[in-house]
file protein15.pdb (PDB, C-alpha atoms)
ATOM      1  CA  MET A   5     -32.149 -15.357  11.116
ATOM      2  CA  ASP A   6     -30.441 -12.015  10.938
ATOM      3  CA  GLU A   7     -32.392  -8.766  10.923
ATOM      4  CA  ILE A   8     -35.689 -10.409  11.823
ATOM      5  CA  HIS A   9     -36.972  -6.880  12.411
ATOM      6  CA  ASN A  10     -37.353  -6.529   8.622
ATOM      7  CA  VAL A  11     -40.537  -8.558   9.067
ATOM      8  CA  LEU A  12     -42.039  -5.483  10.707
ATOM      9  CA  ALA A  13     -41.990  -3.647   7.367
ATOM     10  CA  ALA A  14     -44.434  -6.201   5.957
ATOM     11  CA  SER A  15     -48.196  -6.050   6.240
ATOM     12  CA  TRP A  16     -49.820  -7.550   9.319
ATOM     13  CA  ARG A  17     -50.944 -10.512   7.207
ATOM     14  CA  ASP A  18     -47.419 -11.126   5.873
ATOM     15  CA  GLN A  19     -46.021 -10.883   9.405
ATOM     16  CA  ARG A  20     -48.450 -13.624  10.456
ATOM     17  CA  VAL A  21     -47.196 -15.798   7.578
ATOM     18  CA  VAL A  22     -43.605 -15.377   8.725
ATOM     19  CA  PHE A  23     -44.456 -16.035  12.365
ATOM     20  CA  ASN A  24     -46.495 -19.129  11.396
ATOM     21  CA  THR A  25     -43.508 -20.332   9.379
ATOM     22  CA  LEU A  26     -41.267 -19.895  12.426
ATOM     23  CA  ARG A  27     -43.696 -21.989  14.470
ATOM     24  CA  TYR A  28     -43.722 -24.643  11.729
ATOM     25  CA  LEU A  29     -39.927 -24.785  11.609
ATOM     26  CA  SER A  30     -39.807 -25.123  15.365
ATOM     27  CA  ASN A  31     -42.655 -27.646  15.769
ATOM     28  CA  GLU A  32     -42.637 -29.838  12.696
ATOM     29  CA  LEU A  33     -39.004 -29.759  11.684
ATOM     30  CA  LYS A  34     -37.686 -29.537  15.258
ATOM     31  CA  LEU A  35     -35.269 -26.776  14.292
ATOM     32  CA  SER A  36     -33.698 -24.558  16.887
ATOM     33  CA  LEU A  37     -34.113 -20.951  15.824
ATOM     34  CA  VAL A  38     -31.917 -17.982  16.603
ATOM     35  CA  CYS A  39     -33.199 -14.588  15.498
ATOM     36  CA  PHE A  40     -31.285 -11.323  15.571
ATOM     37  CA  GLY A  41     -32.954  -7.954  15.455
ATOM     38  CA  ILE A  42     -33.778  -4.723  17.184
ATOM     39  CA  MET A  43     -36.021  -4.260  20.208
ATOM     40  CA  GLU A  44     -39.167  -3.851  18.075
ATOM     41  CA  ALA A  45     -38.640  -7.354  16.651
ATOM     42  CA  ARG A  46     -38.460  -8.745  20.161
ATOM     43  CA  GLN A  47     -41.694  -6.967  21.016
ATOM     44  CA  ALA A  48     -43.398  -8.362  17.897
ATOM     45  CA  ILE A  49     -42.337 -11.911  18.749
ATOM     46  CA  ASN A  50     -43.385 -11.425  22.378
ATOM     47  CA  GLY A  51     -46.786 -10.261  21.107
ATOM     48  CA  ASP A  52     -47.372 -13.799  19.854
ATOM     49  CA  VAL A  53     -47.745 -16.016  22.934
ATOM     50  CA  GLN A  54     -46.788 -19.226  21.132
ATOM     51  CA  LEU A  55     -43.640 -17.684  19.664
ATOM     52  CA  ALA A  56     -42.696 -15.931  22.877
ATOM     53  CA  ARG A  57     -42.501 -19.319  24.622
ATOM     54  CA  ARG A  58     -40.074 -20.597  21.998
ATOM     55  CA  PHE A  59     -37.496 -17.829  22.325
ATOM     56  CA  ASP A  60     -35.240 -16.704  25.115
ATOM     57  CA  SER A  61     -34.541 -13.027  24.742
ATOM     58  CA  ILE A  62     -30.952 -11.878  25.147
ATOM     59  CA  SER A  63     -29.696  -8.326  24.711
ATOM     60  CA  LEU A  64     -26.146  -7.971  23.499
ATOM     61  CA  PRO A  65     -24.192  -5.364  25.420
ATOM     62  CA  ARG A  66     -22.290  -2.680  23.570
ATOM     63  CA  TRP A  67     -18.566  -3.178  23.253
ATOM     64  CA  ILE A  68     -16.332  -1.326  25.675
ATOM     65  CA  ALA A  69     -12.640  -0.481  25.542
ATOM     66  CA  ASP A  70     -11.184  -3.749  26.764
ATOM     67  CA  LYS A  71      -9.094  -6.671  25.557
ATOM     68  CA  GLU A  72     -12.128  -8.440  24.062
ATOM     69  CA  PHE A  73     -12.956  -5.387  21.937
ATOM     70  CA  GLU A  74      -9.363  -5.206  20.748
ATOM     71  CA  GLN A  75      -9.428  -8.907  19.858
ATOM     72  CA  LEU A  76     -12.686  -8.442  17.934
ATOM     73  CA  VAL A  77     -11.265  -5.574  15.866
ATOM     74  CA  LEU A  78      -8.019  -7.405  15.208
ATOM     75  CA  ALA A  79      -9.914 -10.524  14.092
ATOM     76  CA  ILE A  80     -12.028  -8.487  11.687
ATOM     77  CA  VAL A  81      -9.046  -6.592  10.299
ATOM     78  CA  ARG A  82      -6.993  -9.764   9.950
ATOM     79  CA  ASN A  83      -9.710 -11.294   7.746
ATOM     80  CA  LEU A  84     -10.156  -8.337   5.412
ATOM     81  CA  PRO A  85      -8.820  -8.859   1.862
ATOM     82  CA  LEU A  86      -6.020  -6.310   2.184
ATOM     83  CA  LYS A  87      -2.543  -6.887   0.758
ATOM     84  CA  GLU A  88      -0.683  -5.100   3.559
ATOM     85  CA  PRO A  89      -0.950  -5.727   7.310
ATOM     86  CA  SER A  90      -2.963  -3.174   9.250
ATOM     87  CA  VAL A  91      -1.474  -1.903  12.488
ATOM     88  CA  LEU A  92      -3.896  -0.058  14.734
ATOM     89  CA  THR A  93      -2.906   1.822  17.858
ATOM     90  CA  ALA A  94      -5.009   2.607  20.912
ATOM     91  CA  LYS A  95      -5.965   5.835  19.123
ATOM     92  CA  GLY A  96      -7.465   3.882  16.211
ATOM     93  CA  LEU A  97      -9.304   1.525  18.534
ATOM     94  CA  ARG A  98     -10.745   4.496  20.471
ATOM     95  CA  ARG A  99     -11.919   6.032  17.190
ATOM     96  CA  ILE A 100     -13.701   2.816  16.191
ATOM     97  CA  LEU A 101     -15.411   2.641  19.564
ATOM     98  CA  LEU A 102     -16.379   6.317  19.467
ATOM     99  CA  VAL A 103     -17.845   6.229  15.949
ATOM    100  CA  SER A 104     -19.582   2.883  16.399
ATOM    101  CA  GLY A 105     -20.937   3.541  19.857
ATOM    102  CA  GLY A 106     -19.886  -0.018  20.659
ATOM    103  CA  VAL A 107     -22.557  -1.482  18.336
ATOM    104  CA  SER A 108     -21.278  -4.564  16.506
ATOM    105  CA  ALA A 109     -22.994  -3.807  13.186
ATOM    106  CA  ARG A 110     -21.449  -0.346  13.132
ATOM    107  CA  ILE A 111     -17.985  -1.703  13.919
ATOM    108  CA  PHE A 112     -18.213  -4.132  11.012
ATOM    109  CA  ARG A 113     -19.587  -1.433   8.687
ATOM    110  CA  MET A 114     -16.859   1.029   9.601
ATOM    111  CA  LEU A 115     -14.016  -1.428   9.121
ATOM    112  CA  ASN A 116     -15.509  -2.670   5.873
ATOM    113  CA  ASP A 117     -15.910   0.883   4.528
ATOM    114  CA  VAL A 118     -12.366   1.828   5.511
ATOM    115  CA  ALA A 119     -11.037  -1.372   3.909
ATOM    116  CA  ILE A 120     -12.855  -0.573   0.663
ATOM    117  CA  GLU A 121     -11.286   2.892   0.662
ATOM    118  CA  ALA A 122      -7.863   1.337   1.313
ATOM    119  CA  ILE A 123      -8.279  -0.948  -1.695
ATOM    120  CA  GLU A 124      -9.589   1.828  -3.937
ATOM    121  CA  THR A 125      -6.722   4.154  -3.030
ATOM    122  CA  GLY A 126      -4.087   1.429  -3.296
ATOM    123  CA  VAL A 127      -3.012   1.782   0.347
ATOM    124  CA  GLU A 128      -4.176  -1.800   0.999
ATOM    125  CA  ARG A 129      -4.170  -1.468   4.803
ATOM    126  CA  ILE A 130      -6.194   0.203   7.513
ATOM    127  CA  THR A 131      -4.468   3.018   9.348
ATOM    128  CA  ASP A 132      -5.326   5.189  12.322
ATOM    129  CA  GLU A 133      -5.446   8.134   9.922
ATOM    130  CA  ALA A 134      -8.042   6.428   7.712
ATOM    131  CA  LEU A 135     -10.144   5.731  10.793
ATOM    132  CA  GLU A 136      -9.900   9.397  11.797
ATOM    133  CA  ARG A 137     -11.137  10.487   8.359
ATOM    134  CA  TYR A 138     -14.036   8.038   8.354
ATOM    135  CA  LYS A 139     -17.485   9.574   8.492
ATOM    136  CA  PRO A 140     -20.555   7.338   8.739
ATOM    137  CA  VAL A 141     -22.770   7.533   5.654
ATOM    138  CA  GLY A 142     -25.776   8.758   7.601
ATOM    139  CA  GLU A 143     -28.011   8.280  10.543
ATOM    140  CA  ASP A 144     -29.834   5.393   8.851
ATOM    141  CA  GLU A 145     -28.607   3.112  11.621
ATOM    142  CA  ALA A 146     -30.327   5.089  14.376
ATOM    143  CA  ALA A 147     -32.675   2.140  14.929
ATOM    144  CA  PHE A 148     -29.760   0.126  16.317
ATOM    145  CA  GLN A 149     -29.151   2.486  19.232
TER     146      GLN A 149
END

call {"tool": "encode", "arguments": {"input": "protein15.pdb", "output": "structure tokens"}}
result
Amino acid sequence: MDEIHNVLAASWRDQRVVFNTLRYLSNELKLSLVCFGIMEARQAINGDVQLARRFDSISLPRWIADKEFEQLVLAIVRNLPLKEPSVLTAKGLRRILLVSGGVSARIFRMLNDVAIEAIETGVERITDEALERYKPVGEDEAAFQ
């Protein structure tokens, strides 16, 4: 379940319904659950003793400038629906890391936004220059820091 933290926007009663449903899925249907979300979601789940026992909590580290980060970016770029191959240099990779802060969701958003621009402009590939021009839409992702 991605973005389980969206449950926190619901009323307390609706949150209980969701958490009871998670218990049902785990107990009755014997499903293994994996939930992704921000720290507040972890705290909400840990606030329910029965749910807390069902989940192991793992924090994903931010990406750093290494071979694994490069492989991640190349895998994303390779799977974008662009007509031309994208060739990124170390400069482009540094820009992605700088803008994203190493947060996976931001990396995906940035590359997706730059790919959309490439399609709209007819360039059909991601370039270091396009990455340099990229400006995040806003600080609406501050919760992911």

call {"tool": "residues_around", "arguments": {"input": "protein15.pdb", "residues": "range 42-58 of chain A", "least_positions_apart": "4", "cutoff": "9 Å", "atoms": "only C-alpha atoms", "output": "list in words"}}
result
Glu7, Ile8, His9, Asn10, Val11, Leu12, Phe23, Asn24, Leu26, Arg27, Ser30, Leu37, Ser63, Ala147, Phe148 and Gln149 of chain A

call {"tool": "closest_atom_pairs", "arguments": {"input": "protein15.pdb", "of": "range 22-104 of chain A", "to": "range 113-135 of chain A", "cutoff": "9 Å", "atoms": "only C-alpha atoms", "output": "CSV"}}
result
residue,atom,partner,partner_atom,distance
A:Val77,CA,A:Leu115,CA,8.4
A:Ile80,CA,A:Leu115,CA,7.8
A:Val81,CA,A:Leu115,CA,7.3
A:Leu84,CA,A:Ala119,CA,7.2
A:Pro85,CA,A:Ala119,CA,8.1
A:Leu86,CA,A:Glu128,CA,5.0
A:Lys87,CA,A:Glu128,CA,5.3
A:Glu88,CA,A:Arg129,CA,5.2
A:Pro89,CA,A:Arg129,CA,5.9
A:Ser90,CA,A:Arg129,CA,4.9
A:Val91,CA,A:Thr131,CA,6.6
A:Leu92,CA,A:Asp132,CA,5.9
A:Thr93,CA,A:Asp132,CA,6.9
A:Ala94,CA,A:Asp132,CA,9.0
A:Lys95,CA,A:Asp132,CA,6.9
A:Gly96,CA,A:Asp132,CA,4.6
A:Leu97,CA,A:Asp132,CA,8.2
A:Arg99,CA,A:Leu135,CA,6.6
A:Ile100,CA,A:Leu135,CA,7.1
A:Val103,CA,A:Met114,CA,8.3
A:Ser104,CA,A:Met114,CA,7.6

call {"tool": "atom_distance", "arguments": {"input": "protein15.pdb", "atom1": "CA of Gly105 in chain A", "atom2": "CA of Ile62 in chain A"}}
result
19.1 Å

call {"tool": "atom_distance", "arguments": {"input": "protein15.pdb", "atom1": "CA of Val38 in chain A", "atom2": "CA of Asp60 in chain A"}}
result
9.2 Å

call {"tool": "atom_distance", "arguments": {"input": "protein15.pdb", "atom1": "CA of Phe40 in chain A", "atom2": "CA of Asp6 in chain A"}}
result
4.8 Å

call {"tool": "closest_residue", "arguments": {"input": "protein15.pdb", "among": "A:Val141, A:Leu76, A:Leu33, A:Leu64", "to": "Phe112 in chain A", "atoms": "only C-alpha atoms"}}
result
A:Leu76

call {"tool": "resolve_selection", "arguments": {"input": "protein15.pdb", "expression": "the PyMOL selection byres ((chain A and resi 69) around 10)", "output": "ChimeraX atom specification"}}
result
/A:67-68,70-74,94,97-98,100-102,106
